[in-house]
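Below is data00.pdb, holding PDB, C-alpha atoms.
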```pdb
ATOM      1  CA  MET A   1     -74.806 -99.247 -74.111
ATOM      2  CA  SER A   2     -77.680-100.798 -76.042
ATOM      3  CA  GLN A   3     -80.713 -98.581 -76.554
ATOM      4  CA  LEU A   4     -82.946-101.647 -76.461
ATOM      5  CA  ALA A   5     -82.166-103.130 -73.095
ATOM      6  CA  VAL A   6     -80.245-102.436 -69.922
ATOM      7  CA  ASP A   7     -79.651-104.411 -66.771
ATOM      8  CA  GLN A   8     -79.014-103.386 -63.206
ATOM      9  CA  ASN A   9     -75.270-103.076 -63.768
ATOM     10  CA  ASP A  10     -75.838-100.523 -66.540
ATOM     11  CA  ALA A  11     -77.938 -98.187 -64.400
ATOM     12  CA  PRO A  12     -75.934 -95.289 -62.916
ATOM     13  CA  GLU A  13     -76.474 -94.443 -59.266
ATOM     14  CA  GLY A  14     -79.431 -92.123 -58.845
ATOM     15  CA  ALA A  15     -80.652 -92.725 -62.407
ATOM     16  CA  ARG A  16     -84.268 -93.341 -61.420
ATOM     17  CA  GLU A  17     -84.489 -90.098 -59.463
ATOM     18  CA  LEU A  18     -82.755 -88.201 -62.280
ATOM     19  CA  LEU A  19     -85.283 -89.477 -64.815
ATOM     20  CA  LEU A  20     -88.162 -88.311 -62.622
ATOM     21  CA  HIS A  21     -86.516 -84.945 -61.978
ATOM     22  CA  THR A  22     -85.838 -84.405 -65.667
ATOM     23  CA  ALA A  23     -89.374 -85.384 -66.670
ATOM     24  CA  SER A  24     -90.724 -82.936 -64.101
ATOM     25  CA  THR A  25     -88.468 -80.159 -65.404
ATOM     26  CA  ILE A  26     -89.499 -80.763 -69.018
ATOM     27  CA  MET A  27     -93.190 -80.579 -68.174
ATOM     28  CA  ARG A  28     -92.751 -77.518 -65.988
ATOM     29  CA  GLU A  29     -90.743 -75.602 -68.568
ATOM     30  CA  GLY A  30     -92.978 -76.626 -71.466
ATOM     31  CA  ASP A  31     -96.280 -76.202 -69.592
ATOM     32  CA  ILE A  32     -97.258 -79.713 -70.725
ATOM     33  CA  VAL A  33     -98.276 -83.053 -69.220
ATOM     34  CA  ASP A  34     -96.314 -85.282 -71.557
ATOM     35  CA  ILE A  35     -92.711 -85.876 -72.606
ATOM     36  CA  SER A  36     -90.795 -87.509 -75.426
ATOM     37  CA  LEU A  37     -88.351 -90.210 -74.447
ATOM     38  CA  SER A  38     -85.776 -88.773 -76.819
ATOM     39  CA  GLU A  39     -85.873 -85.389 -75.075
ATOM     40  CA  LEU A  40     -85.803 -87.112 -71.694
ATOM     41  CA  SER A  41     -82.676 -89.021 -72.738
ATOM     42  CA  LEU A  42     -81.021 -85.896 -74.133
ATOM     43  CA  ARG A  43     -81.786 -83.729 -71.114
ATOM     44  CA  SER A  44     -80.884 -86.355 -68.516
ATOM     45  CA  GLY A  45     -77.887 -87.813 -70.330
ATOM     46  CA  LEU A  46     -79.299 -91.285 -69.674
ATOM     47  CA  ASN A  47     -80.212 -94.172 -71.915
ATOM     48  CA  SER A  48     -83.936 -94.010 -72.671
ATOM     49  CA  ALA A  49     -84.082 -97.802 -72.173
ATOM     50  CA  LEU A  50     -83.777 -97.061 -68.455
ATOM     51  CA  VAL A  51     -87.391 -95.893 -68.563
ATOM     52  CA  LYS A  52     -88.447 -99.447 -69.369
ATOM     53  CA  TYR A  53     -86.049-100.843 -66.777
ATOM     54  CA  TYR A  54     -87.350 -98.677 -63.921
ATOM     55  CA  PHE A  55     -90.944 -97.936 -64.901
ATOM     56  CA  GLY A  56     -92.039-100.431 -67.551
ATOM     57  CA  ASN A  57     -92.938 -97.729 -70.085
ATOM     58  CA  LYS A  58     -93.611 -94.002 -70.338
ATOM     59  CA  ALA A  59     -97.012 -94.381 -68.687
ATOM     60  CA  GLY A  60     -95.273 -96.026 -65.737
ATOM     61  CA  LEU A  61     -92.877 -93.101 -65.553
ATOM     62  CA  MET A  62     -95.804 -90.673 -65.412
ATOM     63  CA  LYS A  63     -97.417 -92.694 -62.628
ATOM     64  CA  ALA A  64     -94.161 -92.750 -60.674
ATOM     65  CA  LEU A  65     -93.824 -88.995 -61.072
ATOM     66  CA  LEU A  66     -97.360 -88.484 -59.801
ATOM     67  CA  ASP A  67     -96.631 -90.771 -56.841
ATOM     68  CA  ARG A  68     -93.447 -88.858 -56.021
ATOM     69  CA  ASP A  69     -95.163 -85.479 -56.065
ATOM     70  CA  MET A  70     -98.434 -86.474 -54.398
ATOM     71  CA  GLN A  71     -96.784 -88.482 -51.615
ATOM     72  CA  GLY A  72     -94.899 -85.351 -50.644
ATOM     73  CA  ILE A  73     -98.146 -83.391 -50.441
ATOM     74  CA  VAL A  74     -99.976 -86.011 -48.378
ATOM     75  CA  HIS A  75     -97.052 -86.331 -45.962
ATOM     76  CA  ALA A  76     -96.875 -82.540 -45.580
ATOM     77  CA  VAL A  77    -100.612 -82.309 -44.857
ATOM     78  CA  ASP A  78    -100.372 -85.155 -42.321
ATOM     79  CA  ALA A  79     -97.506 -83.342 -40.606
ATOM     80  CA  LEU A  80     -99.473 -80.098 -40.586
ATOM     81  CA  MET A  81    -102.538 -81.745 -39.027
ATOM     82  CA  SER A  82    -100.371 -83.201 -36.267
ATOM     83  CA  LYS A  83     -99.140 -79.761 -35.201
ATOM     84  CA  GLU A  84    -100.735 -78.062 -32.206
ATOM     85  CA  TRP A  85    -101.779 -75.048 -34.275
ATOM     86  CA  ASP A  86    -105.120 -73.316 -34.359
ATOM     87  CA  PRO A  87    -107.243 -73.871 -37.498
ATOM     88  CA  GLU A  88    -106.566 -70.420 -38.943
ATOM     89  CA  ALA A  89    -102.783 -70.817 -38.694
ATOM     90  CA  ARG A  90    -103.022 -74.295 -40.223
ATOM     91  CA  LEU A  91    -105.086 -73.098 -43.159
ATOM     92  CA  ARG A  92    -102.908 -70.053 -43.858
ATOM     93  CA  HIS A  93     -99.829 -72.257 -43.841
ATOM     94  CA  HIS A  94    -101.476 -74.846 -46.069
ATOM     95  CA  ILE A  95    -102.619 -72.338 -48.673
ATOM     96  CA  GLY A  96     -99.137 -70.869 -48.863
ATOM     97  CA  LYS A  97     -97.592 -74.304 -49.304
ATOM     98  CA  MET A  98    -100.106 -75.185 -52.021
ATOM     99  CA  VAL A  99     -99.073 -72.122 -54.005
ATOM    100  CA  ASP A 100     -95.418 -73.110 -53.590
ATOM    101  CA  THR A 101     -96.210 -76.662 -54.731
ATOM    102  CA  TYR A 102     -98.001 -75.600 -57.902
ATOM    103  CA  TYR A 103     -95.208 -73.148 -58.652
ATOM    104  CA  GLU A 104     -92.753 -76.061 -58.577
ATOM    105  CA  THR A 105     -95.063 -78.572 -60.291
ATOM    106  CA  PRO A 106     -97.669 -76.623 -62.295
ATOM    107  CA  TYR A 107     -98.549 -79.774 -64.228
ATOM    108  CA  LEU A 108     -99.615 -81.713 -61.133
ATOM    109  CA  ASN A 109    -103.407 -81.432 -61.210
ATOM    110  CA  ARG A 110    -103.519 -81.933 -64.968
ATOM    111  CA  LEU A 111    -101.328 -85.020 -64.654
ATOM    112  CA  LEU A 112    -103.483 -86.344 -61.827
ATOM    113  CA  MET A 113    -106.699 -85.944 -63.825
ATOM    114  CA  ARG A 114    -105.107 -87.427 -66.942
ATOM    115  CA  LEU A 115    -103.917 -90.545 -65.140
ATOM    116  CA  VAL A 116    -107.231 -91.066 -63.346
ATOM    117  CA  ARG A 117    -109.046 -90.720 -66.673
ATOM    118  CA  GLU A 118    -106.707 -92.934 -68.696
ATOM    119  CA  SER A 119    -105.951 -95.631 -66.100
ATOM    120  CA  ASP A 120    -107.897 -98.825 -65.591
ATOM    121  CA  PRO A 121    -110.446 -98.737 -62.737
ATOM    122  CA  GLU A 122    -108.103-100.452 -60.275
ATOM    123  CA  GLU A 123    -105.313 -97.910 -60.818
ATOM    124  CA  ALA A 124    -107.760 -94.996 -60.766
ATOM    125  CA  HIS A 125    -109.063 -96.187 -57.399
ATOM    126  CA  ARG A 126    -105.491 -96.548 -56.124
ATOM    127  CA  ILE A 127    -104.715 -92.949 -57.012
ATOM    128  CA  ALA A 128    -107.928 -91.712 -55.414
ATOM    129  CA  ASP A 129    -107.500 -93.788 -52.257
ATOM    130  CA  SER A 130    -103.824 -92.861 -51.884
ATOM    131  CA  TYR A 131    -104.032 -89.127 -52.500
ATOM    132  CA  LEU A 132    -107.465 -87.612 -53.043
ATOM    133  CA  THR A 133    -109.268 -89.273 -50.137
ATOM    134  CA  PRO A 134    -106.611 -88.424 -47.489
ATOM    135  CA  LEU A 135    -106.591 -84.777 -48.603
ATOM    136  CA  SER A 136    -110.385 -84.632 -48.569
ATOM    137  CA  ARG A 137    -110.462 -86.036 -45.037
ATOM    138  CA  ALA A 138    -107.861 -83.518 -43.888
ATOM    139  CA  TYR A 139    -109.947 -80.655 -45.269
ATOM    140  CA  ASP A 140    -113.054 -82.044 -43.606
ATOM    141  CA  ARG A 141    -111.300 -82.158 -40.239
ATOM    142  CA  LEU A 142    -109.650 -78.765 -40.641
ATOM    143  CA  ILE A 143    -112.843 -76.952 -41.626
ATOM    144  CA  LYS A 144    -114.952 -78.642 -38.960
ATOM    145  CA  ASP A 145    -112.369 -77.827 -36.275
ATOM    146  CA  GLY A 146    -112.447 -74.186 -37.332
ATOM    147  CA  VAL A 147    -116.234 -74.037 -37.349
ATOM    148  CA  LYS A 148    -116.420 -75.714 -33.942
ATOM    149  CA  GLN A 149    -113.987 -73.173 -32.492
ATOM    150  CA  GLY A 150    -115.878 -70.272 -34.035
ATOM    151  CA  VAL A 151    -112.959 -69.325 -36.273
ATOM    152  CA  PHE A 152    -114.512 -70.307 -39.635
ATOM    153  CA  ARG A 153    -117.941 -69.820 -41.124
ATOM    154  CA  LYS A 154    -119.892 -72.998 -41.708
ATOM    155  CA  VAL A 155    -118.919 -74.053 -45.213
ATOM    156  CA  ASP A 156    -118.973 -77.321 -47.127
ATOM    157  CA  PRO A 157    -115.479 -78.852 -46.724
ATOM    158  CA  GLN A 158    -115.782 -80.661 -50.043
ATOM    159  CA  LEU A 159    -116.602 -77.498 -51.967
ATOM    160  CA  PHE A 160    -113.919 -75.577 -50.102
ATOM    161  CA  TYR A 161    -111.360 -78.190 -51.174
ATOM    162  CA  PHE A 162    -112.152 -77.516 -54.830
ATOM    163  CA  THR A 163    -112.186 -73.753 -54.274
ATOM    164  CA  ALA A 164    -108.808 -73.618 -52.546
ATOM    165  CA  THR A 165    -107.101 -76.159 -54.801
ATOM    166  CA  GLY A 166    -108.469 -74.531 -57.936
ATOM    167  CA  ALA A 167    -107.354 -71.066 -56.875
ATOM    168  CA  CYS A 168    -103.821 -72.197 -56.073
ATOM    169  CA  ASP A 169    -103.439 -74.377 -59.175
ATOM    170  CA  ARG A 170    -105.090 -72.294 -61.876
ATOM    171  CA  PHE A 171    -102.623 -69.425 -61.948
ATOM    172  CA  PHE A 172     -99.606 -71.628 -62.608
ATOM    173  CA  SER A 173    -101.347 -73.748 -65.247
ATOM    174  CA  SER A 174    -102.442 -70.693 -67.262
ATOM    175  CA  ARG A 175     -99.228 -69.491 -68.795
ATOM    176  CA  LEU A 176    -100.895 -68.900 -72.165
ATOM    177  CA  VAL A 177    -103.183 -66.379 -70.486
ATOM    178  CA  LEU A 178    -100.184 -64.671 -68.924
ATOM    179  CA  LYS A 179     -98.448 -64.623 -72.289
ATOM    180  CA  HIS A 180    -101.282 -63.288 -74.435
ATOM    181  CA  CYS A 181    -103.035 -61.018 -71.931
ATOM    182  CA  TYR A 182    -100.219 -59.812 -69.698
ATOM    183  CA  ASP A 183     -97.200 -60.122 -71.985
ATOM    184  CA  THR A 184     -95.338 -62.504 -69.705
ATOM    185  CA  GLU A 185     -95.106 -66.250 -69.264
ATOM    186  CA  ALA A 186     -92.256 -66.435 -66.791
ATOM    187  CA  LEU A 187     -93.182 -68.024 -63.472
ATOM    188  CA  THR A 188     -90.792 -66.019 -61.329
ATOM    189  CA  GLU A 189     -90.295 -66.280 -57.583
ATOM    190  CA  GLU A 190     -91.524 -62.688 -57.254
ATOM    191  CA  LEU A 191     -94.754 -63.623 -59.054
ATOM    192  CA  ARG A 192     -95.118 -66.720 -56.879
ATOM    193  CA  ASP A 193     -94.701 -64.659 -53.694
ATOM    194  CA  ARG A 194     -97.271 -62.097 -54.810
ATOM    195  CA  TYR A 195     -99.761 -64.798 -55.693
ATOM    196  CA  ARG A 196     -99.159 -66.653 -52.427
ATOM    197  CA  GLU A 197    -100.025 -63.540 -50.436
ATOM    198  CA  HIS A 198    -103.041 -62.855 -52.647
ATOM    199  CA  CYS A 199    -104.415 -66.402 -52.290
ATOM    200  CA  ILE A 200    -104.011 -66.469 -48.534
ATOM    201  CA  ASP A 201    -105.745 -63.109 -48.100
ATOM    202  CA  PHE A 202    -108.500 -63.853 -50.601
ATOM    203  CA  ILE A 203    -109.374 -67.367 -49.407
ATOM    204  CA  MET A 204    -109.152 -66.541 -45.708
ATOM    205  CA  ALA A 205    -111.433 -63.521 -46.194
ATOM    206  CA  GLY A 206    -114.092 -65.876 -47.474
ATOM    207  CA  ILE A 207    -113.992 -68.381 -44.635
ATOM    208  CA  LEU A 208    -113.110 -66.463 -41.471
ATOM    209  CA  ALA A 209    -116.106 -66.017 -39.203
ATOM    210  CA  HIS A 210    -115.290 -62.399 -38.460
TER     211      HIS A 210
END
```

structure tokens encoding of this file:
Amino acid sequence: MSQLAVDQNDAPEGARELLLHTASTIMREGDIVDISLSELSLRSGLNSALVKYYFGNKAGLMKALLDRDMQGIVHAVDALMSKEWDPEARLRHHIGKMVDTYYETPYLNRLLMRLVRESDPEEAHRIADSYLTPLSRAYDRLIKDGVKQGVFRKVDPQLFYFTATGACDRFFSSRLVLKHCYDTEALTEELRDRYREHCIDFIMAGILAH
């Protein structure tokens, strides 16, 4: 197969999803927010020209990966807000799921900020409108519901969004700290579970009214 061009008949079934999965795996394992097309081709077993076919270029691949990961988060938050749960149960569940998400995709916030910074204004607004604004509105509703019901202290939903997101993200994007200060850089399931419990307890202690 030519390395310069492919057409639809050359593309194996599921190739697009495999490229995204492989790119995600490379960034997770390397603790990076970039990839080389040669490594992507080697790891996926696919022609690197398929990146151009599906995504236009590497930047398009990164945008598609962000869309894949962030759409899952927004859909999960929408589903959570539709449940007939009390605010405390919703928030505990959400914090736990955030930790799980950043364990699986520790590059996500760094990729998001990179693409917003490097994209043209129209694309930056698309990312914000599609993902950041819906999450901000969900936090605003969740916190205000909890305050109204007397479950949460009165806090700024916007600042709480940054507090909770930062706490859940930072641990999994700090593998160099783990390596040099704690002699480990392996993001194990046991470490994820410990940090999930810690985050839930720590964050909830700061917002619960009692």

Contacts of region 198-209 of chain A at 9 Å or less, counting all atoms listed in the file, minus same-chain residues fewer than 5 places along, as a PyMOL selection string? chain A and resi 88+91-93+95-96+99+146-147+150-155+163-164+167-168+193

Give me, as a VMD selection string, all polymer residues having an atom no more than 10 Å from region 123-128 of chain A, counting only C-alpha atoms and skipping those fewer than 5 positions away in the same chain. chain A and resid 63 66 to 67 70 112 to 113 115 to 118 133 to 135

Using C-alpha atoms, can you write the selected residues to a file as a CSV table (one decimal), keeping the file's coordinate frame?
```csv
chain,number,residue,atom,x,y,z
A,63,LYS,CA,-97.4,-92.7,-62.6
A,66,LEU,CA,-97.4,-88.5,-59.8
A,67,ASP,CA,-96.6,-90.8,-56.8
A,70,MET,CA,-98.4,-86.5,-54.4
A,112,LEU,CA,-103.5,-86.3,-61.8
A,113,MET,CA,-106.7,-85.9,-63.8
A,115,LEU,CA,-103.9,-90.5,-65.1
A,116,VAL,CA,-107.2,-91.1,-63.3
A,117,ARG,CA,-109.0,-90.7,-66.7
A,118,GLU,CA,-106.7,-92.9,-68.7
A,133,THR,CA,-109.3,-89.3,-50.1
A,134,PRO,CA,-106.6,-88.4,-47.5
A,135,LEU,CA,-106.6,-84.8,-48.6
```

Could you pull the residues within 10 Å of Ala15 (chain A), counting only C-alpha atoms, minus those fewer than 6 positions along the same chain, as a PyMOL selection string? chain A and resi 21+44-47+50-51+54

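Of the listed residues (A:Ala138, A:Ile26, A:Ala59, A:Ile73), A:Ile73 comes nearest to Asp100 (chain A); the distances count only C-alpha atoms.
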
Might I get the box with edges along x, y and z of the file that holds all atoms of region 92-103 of chain A listed there, padded by 4 Å on every side, given as centre and edge lengths in Å to one decimal, as lines of an AutoDock Vina configuration file?
```
center_x = -99.1
center_y = -73.4
center_z = -51.2
size_x = 15.7
size_y = 14.6
size_z = 22.8
```

Since I can't run it myself right now, could you work out what the PyMOL selection byres ((chain A and resi 23) around 10) selects here and report it as a ChimeraX atom specification? /A:17-22,24-28,33-37,39-41,43-44,61-62,65

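Distances to Phe55 (chain A) were evaluated for A:Arg16, A:Gly30, A:Pro87, A:Arg68 using all atoms listed in the file, and the minimum falls at A:Arg16.
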
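Between Leu191 (chain A) and the residues A:Leu80, A:Leu132, A:Glu13, A:Tyr103, the shortest atom-to-atom distance, using all atoms listed in the file, involves A:Tyr103.
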